[in-house]
>>> print(open('my_file.cif').read())   # mmCIF, C-alpha atoms and all ligand atoms
data_work
#
loop_
_atom_site.label_atom_id
_atom_site.label_comp_id
_atom_site.auth_asym_id
_atom_site.auth_seq_id
_atom_site.Cartn_x
_atom_site.Cartn_y
_atom_site.Cartn_z
CA MET A 1 0.00 0.00 0.00
CA ASN A 2 1.36 3.43 -0.94
CA GLN A 3 2.11 5.84 1.86
CA VAL A 4 1.40 9.55 1.49
CA ASN A 5 3.61 12.20 2.95
CA PRO A 6 0.97 14.41 4.59
CA LYS A 7 3.19 17.50 4.50
CA LYS A 8 3.69 17.33 0.77
CA TYR A 9 0.15 18.32 -0.24
CA ASN A 10 -1.97 21.33 0.66
CA SER A 11 -4.85 20.00 2.73
CA THR A 12 -7.34 22.44 1.15
CA LEU A 13 -6.56 21.44 -2.45
CA TYR A 14 -7.71 17.85 -2.41
CA PHE A 15 -6.77 16.96 -5.95
CA GLU A 16 -3.10 18.02 -5.89
CA GLU A 17 -1.85 14.49 -5.34
CA ALA A 18 -4.33 13.11 -7.89
CA VAL A 19 -3.10 15.61 -10.51
CA GLU A 20 0.48 14.63 -9.80
CA LYS A 21 -0.19 10.88 -10.00
CA LYS A 22 -2.90 10.69 -12.69
CA GLY A 23 -2.57 13.96 -14.64
CA TRP A 24 -4.97 16.93 -14.90
CA TRP A 25 -7.57 15.31 -17.17
CA GLN A 26 -7.95 12.12 -15.11
CA SER A 27 -8.38 14.28 -11.99
CA HIS A 28 -11.04 16.58 -13.46
CA ARG A 29 -12.84 14.59 -16.15
CA PHE A 30 -16.16 14.04 -14.37
CA LEU A 31 -16.20 17.63 -13.16
CA ILE A 32 -15.75 18.81 -16.76
CA LEU A 33 -18.34 16.32 -18.02
CA ARG A 34 -20.89 17.56 -15.48
CA ARG A 35 -20.32 21.21 -16.36
CA LEU A 36 -20.66 20.42 -20.06
CA CYS A 37 -23.86 18.56 -19.37
CA GLN A 38 -25.34 21.37 -17.23
CA ILE A 39 -24.42 24.08 -19.76
CA THR A 40 -25.61 22.01 -22.73
CA ILE A 41 -29.01 21.51 -21.09
CA ILE A 42 -29.38 25.29 -20.60
CA LEU A 43 -28.35 25.92 -24.23
CA LEU A 44 -30.77 23.29 -25.56
CA PHE A 45 -33.61 25.14 -23.84
CA ALA A 46 -32.33 28.61 -24.73
CA LEU A 47 -31.51 28.27 -28.40
CA PRO A 48 -34.08 27.40 -31.06
CA ILE A 49 -33.00 25.14 -33.92
CA SER A 50 -34.56 27.61 -36.31
CA GLY A 51 -36.30 30.98 -36.08
CA VAL A 52 -35.44 34.14 -34.19
CA ASN A 53 -36.28 34.50 -30.52
CA SER A 54 -37.94 37.87 -31.25
CA VAL A 55 -41.17 37.29 -29.37
CA LEU A 56 -39.30 36.57 -26.17
CA VAL A 57 -37.13 39.66 -26.56
CA SER A 58 -40.13 41.93 -27.10
CA ASN A 59 -42.31 40.31 -24.46
CA GLN A 60 -40.20 39.61 -21.38
CA GLU A 61 -43.17 39.71 -19.05
CA GLU A 62 -44.89 36.93 -20.89
CA ALA A 63 -41.69 34.99 -21.27
CA SER A 64 -41.03 34.85 -17.52
CA PRO A 65 -44.48 34.55 -15.98
CA ASP A 66 -44.78 34.44 -12.21
CA LEU A 67 -45.56 30.95 -11.09
CA THR A 68 -48.90 30.61 -9.42
CA ALA A 69 -51.30 27.79 -8.82
CA ILE A 70 -52.20 27.87 -12.51
CA PHE A 71 -48.82 26.45 -13.34
CA LEU A 72 -49.93 24.64 -16.46
CA ASP A 73 -51.36 27.88 -17.87
CA ASN A 74 -47.97 29.43 -17.42
CA LEU A 75 -46.39 26.61 -19.36
CA LYS A 76 -48.94 27.32 -22.07
CA ASN A 77 -47.80 30.98 -22.06
CA GLU A 78 -44.26 29.81 -22.67
CA ASP A 79 -45.50 27.58 -25.45
CA ASP A 80 -47.40 30.50 -27.00
CA VAL A 81 -44.35 32.72 -27.21
CA ARG A 82 -42.15 29.91 -28.47
CA ASN A 83 -44.47 28.20 -30.92
CA ASP A 84 -43.06 29.87 -33.99
CA GLN A 85 -39.69 28.19 -33.63
CA LEU A 86 -38.34 24.68 -33.59
CA TRP A 87 -36.68 23.68 -30.30
CA ILE A 88 -34.70 20.66 -29.19
CA MET A 89 -36.02 21.30 -25.67
CA LYS A 90 -39.03 23.53 -25.07
CA GLY A 91 -40.30 24.59 -21.64
CA THR A 92 -38.36 24.59 -18.38
CA LEU A 93 -36.86 22.05 -16.00
CA ALA A 94 -40.29 21.79 -14.40
CA ASN A 95 -42.08 20.76 -17.58
CA SER A 96 -40.73 20.37 -21.09
CA GLU A 97 -40.87 18.62 -24.43
CA ILE A 98 -38.07 17.14 -26.52
CA LEU A 99 -38.50 18.17 -30.18
CA SER A 100 -42.11 19.09 -29.39
CA THR A 101 -42.85 15.37 -29.10
CA VAL A 102 -41.49 13.61 -26.00
CA PRO A 103 -42.83 15.12 -22.76
CA MET A 104 -40.66 15.48 -19.64
CA GLY A 105 -42.02 16.50 -16.22
CA ASP A 106 -40.46 17.15 -12.84
CA PRO A 107 -41.97 14.62 -10.40
CA PHE A 108 -41.72 17.01 -7.41
CA VAL A 109 -43.75 19.64 -9.31
CA PHE A 110 -46.16 16.86 -10.28
CA VAL A 111 -46.71 15.81 -6.65
CA GLN A 112 -47.28 19.42 -5.53
CA SER A 113 -49.57 19.99 -8.49
CA LEU A 114 -51.55 16.87 -7.70
CA VAL A 115 -52.15 17.71 -4.03
CA ALA A 116 -53.05 21.28 -5.09
CA GLY A 117 -55.82 19.80 -7.23
CA ASN A 118 -54.30 20.32 -10.70
CA LEU A 119 -54.67 17.32 -12.96
CA TYR A 120 -52.04 16.50 -15.56
CA THR A 121 -52.91 15.38 -19.06
CA LEU A 122 -51.98 11.85 -20.11
CA SER A 123 -48.88 13.13 -21.90
CA GLY A 124 -47.94 15.14 -18.77
CA ILE A 125 -48.17 11.97 -16.68
CA LEU A 126 -46.12 10.11 -19.28
CA GLY A 127 -43.49 12.87 -19.08
CA VAL A 128 -43.24 12.54 -15.31
CA GLY A 129 -43.07 8.75 -15.65
CA LEU A 130 -40.16 9.01 -18.08
CA VAL A 131 -38.22 11.26 -15.71
CA VAL A 132 -38.90 8.98 -12.73
CA LEU A 133 -37.75 5.96 -14.74
CA LEU A 134 -34.57 7.74 -15.83
CA TYR A 135 -33.59 8.69 -12.28
CA MET A 136 -34.51 5.28 -10.91
CA ILE A 137 -31.86 3.91 -13.27
CA VAL A 138 -29.07 6.46 -12.83
CA GLY A 139 -29.81 7.54 -9.24
CA GLY A 140 -32.14 10.40 -8.29
CA ARG A 141 -29.47 12.83 -7.27
CA THR A 142 -27.72 12.55 -10.59
CA TYR A 143 -30.17 15.39 -11.28
CA CYS A 144 -28.18 17.46 -8.78
CA SER A 145 -24.75 16.87 -10.24
CA PHE A 146 -25.52 16.71 -13.97
CA VAL A 147 -28.63 18.90 -14.47
CA CYS A 148 -29.33 21.42 -11.70
CA PRO A 149 -27.86 24.90 -12.43
CA ILE A 150 -27.64 25.71 -8.71
CA ASN A 151 -25.06 22.94 -8.38
CA ILE A 152 -22.64 25.11 -10.39
CA VAL A 153 -23.15 27.86 -7.79
CA THR A 154 -22.76 25.60 -4.76
CA ASP A 155 -19.69 23.87 -6.23
CA ALA A 156 -18.20 27.34 -6.81
CA ALA A 157 -18.99 28.26 -3.19
CA ALA A 158 -17.26 25.07 -2.02
CA TRP A 159 -14.22 26.02 -4.08
CA VAL A 160 -14.12 29.55 -2.58
CA ARG A 161 -14.54 28.06 0.89
CA ARG A 162 -11.55 25.82 0.30
CA GLN A 163 -9.41 28.68 -1.01
CA LEU A 164 -10.29 30.86 1.98
CA LYS A 165 -9.82 27.90 4.34
CA ILE A 166 -13.15 28.56 6.00
CA THR A 167 -14.03 25.68 8.29
CA ASN A 168 -16.95 26.89 10.39
CA GLN A 169 -19.95 24.62 10.24
CA LEU A 170 -23.45 25.61 11.31
CA SER A 171 -25.09 22.78 13.16
CA LEU A 172 -28.02 21.75 11.00
CA SER A 173 -29.57 18.33 10.50
CA LYS A 174 -29.41 16.79 7.05
CA ARG A 175 -33.02 15.82 7.66
CA ALA A 176 -34.02 19.52 7.45
CA ARG A 177 -34.43 19.19 3.67
CA PHE A 178 -37.00 16.43 4.14
CA TYR A 179 -38.96 18.59 6.59
CA ILE A 180 -38.93 21.42 4.02
CA LEU A 181 -40.06 18.91 1.39
CA GLY A 182 -42.98 17.86 3.61
CA ILE A 183 -43.90 21.49 4.36
CA ALA A 184 -43.87 22.34 0.62
CA ILE A 185 -46.30 19.50 -0.11
CA LEU A 186 -48.51 20.47 2.85
CA VAL A 187 -48.63 24.15 1.82
CA SER A 188 -49.43 23.09 -1.76
CA MET A 189 -52.34 21.06 -0.46
CA ILE A 190 -53.72 23.73 1.91
CA PHE A 191 -53.35 26.77 -0.36
CA GLN A 192 -53.74 24.95 -3.68
CA VAL A 193 -50.54 26.38 -5.09
CA ILE A 194 -47.42 24.68 -6.33
CA ALA A 195 -45.74 26.03 -3.25
CA TRP A 196 -42.05 25.38 -3.81
CA GLU A 197 -42.21 26.76 -7.35
CA LEU A 198 -43.11 30.17 -5.91
CA ILE A 199 -39.55 30.47 -4.59
CA ASN A 200 -37.63 27.58 -6.16
CA PRO A 201 -34.22 29.04 -7.08
CA ILE A 202 -33.57 26.16 -9.50
CA THR A 203 -36.40 26.80 -11.94
CA GLY A 204 -36.12 30.53 -11.15
CA ILE A 205 -32.49 30.83 -12.18
CA PHE A 206 -33.05 28.41 -15.06
CA ARG A 207 -35.78 30.71 -16.40
CA GLU A 208 -33.49 33.70 -16.08
CA LEU A 209 -30.73 31.88 -17.99
CA VAL A 210 -33.05 30.58 -20.69
CA PHE A 211 -35.37 33.57 -21.14
CA GLY A 212 -32.90 36.33 -20.25
CA GLY A 213 -33.52 39.39 -18.07
CA PHE A 214 -30.85 38.52 -15.49
CA THR A 215 -31.07 41.23 -12.79
CA ILE A 216 -30.00 41.33 -9.15
CA THR A 217 -33.53 42.42 -8.13
CA ASN A 218 -34.97 39.18 -9.47
CA ILE A 219 -35.93 36.90 -6.56
CA ALA A 220 -34.25 33.82 -8.07
CA VAL A 221 -31.01 35.71 -8.71
CA SER A 222 -31.02 37.20 -5.19
CA LEU A 223 -31.79 33.84 -3.62
CA THR A 224 -28.99 32.21 -5.61
CA LEU A 225 -26.59 34.86 -4.33
CA VAL A 226 -27.74 34.20 -0.77
CA ILE A 227 -27.16 30.45 -1.30
CA PHE A 228 -23.66 31.16 -2.64
CA ILE A 229 -22.70 33.32 0.36
CA ALA A 230 -24.35 31.00 2.91
CA ASP A 231 -22.50 28.00 1.44
CA ILE A 232 -19.21 29.86 1.87
CA ILE A 233 -19.61 31.28 5.36
CA GLY A 234 -22.37 29.14 6.89
CA ALA A 235 -21.43 25.53 6.36
CA ALA A 236 -20.00 23.26 3.71
CA ASN A 237 -22.73 22.17 1.32
CA LEU A 238 -25.31 24.06 3.38
CA TRP A 239 -27.96 24.40 0.67
CA CYS A 240 -27.72 21.17 -1.29
CA GLY A 241 -26.74 18.97 1.63
CA HIS A 242 -29.18 20.30 4.22
CA LEU A 243 -31.95 22.51 2.87
CA CYS A 244 -32.95 21.88 -0.74
CA PRO A 245 -36.20 19.88 -0.93
CA VAL A 246 -35.71 19.19 -4.63
CA GLY A 247 -32.49 17.29 -3.94
CA ALA A 248 -34.27 15.55 -1.06
CA PHE A 249 -37.11 14.51 -3.35
CA TYR A 250 -34.74 13.18 -6.00
CA SER A 251 -32.83 11.21 -3.38
CA LEU A 252 -36.08 9.36 -2.65
CA LEU A 253 -36.14 8.27 -6.29
CA GLY A 254 -32.67 6.81 -5.90
CA LYS A 255 -33.29 4.25 -3.18
CA LYS A 256 -32.73 1.36 -5.61
CA THR A 257 -30.86 2.27 -8.76
CA VAL A 258 -28.71 0.64 -11.38
CA LEU A 259 -25.78 3.05 -11.36
CA TYR A 260 -23.58 3.17 -8.25
CA ILE A 261 -20.16 4.34 -7.14
CA SER A 262 -18.07 1.40 -6.02
CA ALA A 263 -14.55 0.94 -4.69
CA PRO A 264 -13.08 -2.03 -6.61
CA LYS A 265 -9.53 -1.05 -5.65
CA ILE A 266 -10.22 -0.37 -1.99
CA SER A 267 -7.02 -2.23 -1.08
CA ALA A 268 -5.03 0.59 -2.74
CA CYS A 269 -6.57 3.22 -0.41
CA ASP A 270 -3.82 4.99 1.57
CA ASP A 271 -6.16 6.95 3.86
CA CYS A 272 -5.40 10.37 2.36
CA MET A 273 -9.16 11.10 2.79
CA ASP A 274 -9.31 13.30 -0.32
CA CYS A 275 -12.53 11.55 -1.41
CA TYR A 276 -14.13 12.23 1.95
CA LYS A 277 -13.07 15.88 1.92
CA VAL A 278 -14.34 16.58 -1.58
CA CYS A 279 -17.59 14.57 -1.41
CA PRO A 280 -20.63 16.87 -1.15
CA GLU A 281 -22.39 14.19 0.95
CA SER A 282 -19.39 12.81 2.79
CA HIS A 283 -21.46 10.63 5.15
CA VAL A 284 -22.12 8.30 2.20
CA LEU A 285 -18.43 7.35 2.06
CA LYS A 286 -18.02 6.90 5.81
CA PRO A 287 -18.93 3.17 6.02
CA LEU A 288 -16.57 2.33 3.16
CA ILE A 289 -13.65 4.13 4.79
CA GLN A 290 -14.43 2.96 8.33
CA ASN A 291 -14.63 -0.69 7.39
CA LYS A 292 -11.98 -0.74 4.74
CA LYS A 293 -9.93 -3.43 6.45
CA ILE A 294 -12.86 -5.82 6.70
CA TYR A 295 -13.79 -5.38 3.05
CA ILE A 296 -10.21 -6.11 2.02
CA GLU A 297 -9.95 -9.17 4.30
CA GLU A 298 -13.27 -10.58 3.11
CA SER A 299 -12.72 -9.66 -0.54
CA ILE A 300 -15.85 -7.50 -0.63
CA ILE A 301 -16.05 -4.81 -3.27
CA PRO A 302 -18.18 -2.17 -1.55
CA SER A 303 -20.47 0.30 -3.32
CA VAL A 304 -21.92 3.52 -1.91
CA GLY A 305 -25.37 2.47 -0.74
CA PHE A 306 -26.86 5.82 0.29
CA SER A 307 -29.28 7.54 -2.08
CA ASP A 308 -27.73 10.89 -1.07
CA CYS A 309 -24.77 10.09 -3.34
CA THR A 310 -25.08 12.48 -6.31
CA ARG A 311 -22.99 10.26 -8.63
CA CYS A 312 -20.90 13.38 -9.23
CA GLY A 313 -17.74 11.33 -9.72
CA ARG A 314 -15.57 13.73 -7.71
CA CYS A 315 -14.36 10.85 -5.51
CA ILE A 316 -13.22 9.10 -8.69
CA ASP A 317 -11.52 12.27 -9.94
CA VAL A 318 -9.64 13.17 -6.76
CA CYS A 319 -8.55 9.70 -5.65
CA PRO A 320 -4.85 9.42 -6.49
CA GLU A 321 -4.97 5.62 -6.11
CA ARG A 322 -7.94 5.10 -8.50
CA VAL A 323 -9.95 3.34 -5.78
CA PHE A 324 -13.41 4.34 -7.08
CA SER A 325 -15.35 3.84 -10.28
CA TYR A 326 -18.91 3.98 -11.61
CA ASP A 327 -20.51 0.56 -11.35
CA ILE A 328 -23.66 -1.45 -12.02
CA SER A 329 -25.54 -2.37 -8.86
CA THR A 330 -25.94 -6.06 -9.41
CA GLN A 331 -22.18 -6.65 -9.35
CA HIS A 332 -21.19 -5.37 -5.89
CA SER A 333 -22.64 -4.79 -2.45
CA PRO A 334 -24.15 -1.35 -1.73
CA ILE A 335 -23.01 -0.34 1.75
CA LYS A 336 -25.18 1.74 4.07
CA GLN A 337 -24.51 0.27 7.46
CA SER A 338 -21.43 1.28 9.41
CA LYS A 339 -20.71 -2.38 10.26
CA PRO A 340 -20.42 -4.68 7.24
CA LYS A 341 -22.70 -7.68 6.96
CA ALA A 342 -21.56 -11.20 6.24
CA LYS A 343 -19.21 -11.90 3.42
CA VAL A 344 -20.46 -11.42 -0.12
CA SER A 345 -18.95 -13.81 -2.62
S1 LIG A 401 -29.71 19.80 -3.80
FE1 LIG A 401 -31.17 21.14 -4.85
S2 LIG A 401 -30.06 22.96 -5.48
FE2 LIG A 401 -28.55 21.40 -4.90
S3 LIG A 401 -28.01 20.46 -6.81
FE3 LIG A 401 -29.66 19.20 -5.91
S4 LIG A 401 -31.57 20.04 -6.73
FE4 LIG A 401 -29.96 21.53 -7.15
S1 LIG A 402 -19.54 9.33 -3.10
FE1 LIG A 402 -18.44 10.19 -4.89
S2 LIG A 402 -20.00 10.31 -6.49
FE2 LIG A 402 -21.09 10.09 -4.53
S3 LIG A 402 -21.51 12.19 -3.89
FE3 LIG A 402 -19.57 11.59 -2.94
S4 LIG A 402 -17.98 12.32 -4.34
FE4 LIG A 402 -19.93 12.32 -5.48
#
>>> encode(input="my_file.cif", output="structure tokens", more="lines below")
Ligand code: SF4
Ligand code: SF4
Amino acid sequence: MNQVNPKKYNSTLYFEEAVEKKGWWQSHRFLILRRLCQITIILLFALPISGVNSVLVSNQEEASPDLTAIFLDNLKNEDDVRNDQLWIMKGTLANSEILSTVPMGDPFVFVQSLVAGNLYTLSGILGVGLVVLLYMIVGGRTYCSFVCPINIVTDAAAWVRRQLKITNQLSLSKRARFYILGIAILVSMIFQVIAWELINPITGIFRELVFGGFTITNIAVSLTLVIFIADIIGAANLWCGHLCPVGAFYSLLGKKTVLYISAPKISACDDCMDCYKVCPESHVLKPLIQNKKIYIEESIIPSVGFSDCTRCGRCIDVCPERVFSYDISTQHSPIKQSKPKAKVS
């Protein structure tokens, strides 16, 4: 097993050793892939295949309607102003169509809509079903790391936090996001509004990016700025790891998935802890690290078993010893418990 000289590497720049041992690309490839994916999704919604976006430019108010209980009417407004062009993706992250044919719907918006008394059309239900199926395969929180635009902001905040060596950590339960999720559904039911969409910074900032009109007075822009600052000075991963009900909802979709992160080369781990330090949900790696010896002795290849894992691939990127990789669930044992169960052949 390789030994690391702890003094050689800066403890705030987790990937220094990985860059030295594997090269820059191997230490950043999934980060780059995620950014490309997030930016491409925004561009697919923002740019028509043909036609000029003139209606949106001349009618900003209609292009960025306030979300109210009549959410589906708002989507219709967006359709109205975009009907004269051909789009790869039309709509927003909450509700969209691929090439004006395949519907896609956010399941959290669907649940709020349902309890608020709004019925979806058959194609709307199909769209939600497709999204649920997709995230049940790749893991619900893959939405966070490969789709959500706020993730770019919170990753940037984490980077600033590292550079400034800020270590303070507000004490806040990770369960808070599930309470907020429950409250959002309850408020939707009582007031018959799609409650979280009234303030959701994800769809808010996405609308600003896609439809334009980016101003500091906009509630989504201001809220995103607050998230950025709070993530730097409040606690590591404060928003995504503790408060965001959308991430919480998607983690519920990822209880049993096909795609996992596993540690096939766990015997090469030299305890540098870079994976643990960079992971946005570090508790998911704890059982693997804690019980490393047992897994090696019993020839178990452990996989991350918690649905909080965003499949971001940062642990793969930053590990200098190439311990981690993406994996298919049926091959290895997903680990949730802090004490390993009996040997898996
Ligand atoms: S936790 Fe919420 S804000 Fe963060 S990446 Fe996931 S969906 Fe986006
Ligand atoms: S375990 Fe790896 S893939 Fe999962 S959230 Fe942590 S760093 Fe990302």
>>> atom_distance(input="my_file.cif", atom1="atom CA of Ala184 of chain A", atom2="atom CA of Tyr143 of chain A")
19.4 Å
>>> closest_residue(input="my_file.cif", among="A:Glu321, A:Asp274, A:Asp231, A:Glu208", to="ligand LIG 402 (chain A)", atoms="only C-alpha atoms and all ligand atoms")
A:Asp274
>>> residues_around(input="my_file.cif", residues="Phe15 of chain A", least_positions_apart="5", cutoff="9 Å", atoms="all atoms listed in the file", output="PyMOL selection string")
chain A and resi 20+27-28+274+278+317-320
>>> residues_near_ligand(input="my_file.cif", ligand="ligand LIG 401 (chain A)", cutoff="6 Å", atoms="all atoms listed in the file", output="PyMOL selection string")
chain A and resi 144-145+148+150-151+240+244+246-247
>>> residues_around(input="my_file.cif", residues="Thr310 of chain A", least_positions_apart="6", cutoff="10 Å", atoms="all atoms listed in the file", output="PyMOL selection string")
chain A and resi 138-146+247+250-251+254+260-261+279-281+284
>>> atom_distance(input="my_file.cif", atom1="atom CA of Gly212 of chain A", atom2="atom CA of Val147 of chain A")
18.9 Å
>>> closest_residue(input="my_file.cif", among="A:Ile194, A:Val304, A:Leu114, A:Val187", to="Thr257 of chain A", atoms="only C-alpha atoms")
A:Val304
>>> atom_distance(input="my_file.cif", atom1="atom CA of Ile180 of chain A", atom2="atom CA of Val193 of chain A")
15.6 Å
>>> closest_residue(input="my_file.cif", among="A:Lys292, A:Arg34, A:Lys277, A:Lys286", to="Ala158 of chain A", atoms="all atoms listed in the file")
A:Lys277
>>> closest_residue(input="my_file.cif", among="A:Ile232, A:Leu31, A:Ala46, A:Leu172", to="ligand LIG 402 (chain A)", atoms="only C-alpha atoms and all ligand atoms")
A:Leu31
>>> closest_residue(input="my_file.cif", among="A:Trp24, A:Phe178, A:Tyr120, A:Phe211", to="Gly241 of chain A", atoms="only C-alpha atoms")
A:Phe178
>>> residues_around(input="my_file.cif", residues="Thr167 of chain A", least_positions_apart="2", cutoff="12 Å", atoms="all atoms listed in the file", output="number ranges by chain")
A: 12, 158, 160-165, 169-170, 231-237, 277
>>> closest_residue(input="my_file.cif", among="A:Ser171, A:Ser123, A:Ile137, A:Trp196", to="Leu238 of chain A", atoms="all atoms listed in the file")
A:Ser171
>>> residues_around(input="my_file.cif", residues="Ile125 of chain A", least_positions_apart="4", cutoff="10 Å", atoms="all atoms listed in the file", output="NGL selection string")
:A and (103-105 or 107 or 110 or 119-121 or 129-130)
>>> residues_around(input="my_file.cif", residues="Val115 of chain A", least_positions_apart="2", cutoff="9 Å", atoms="all atoms listed in the file", output="ChimeraX atom specification")
/A:110-113,117-118,185-186,188-190,192-194
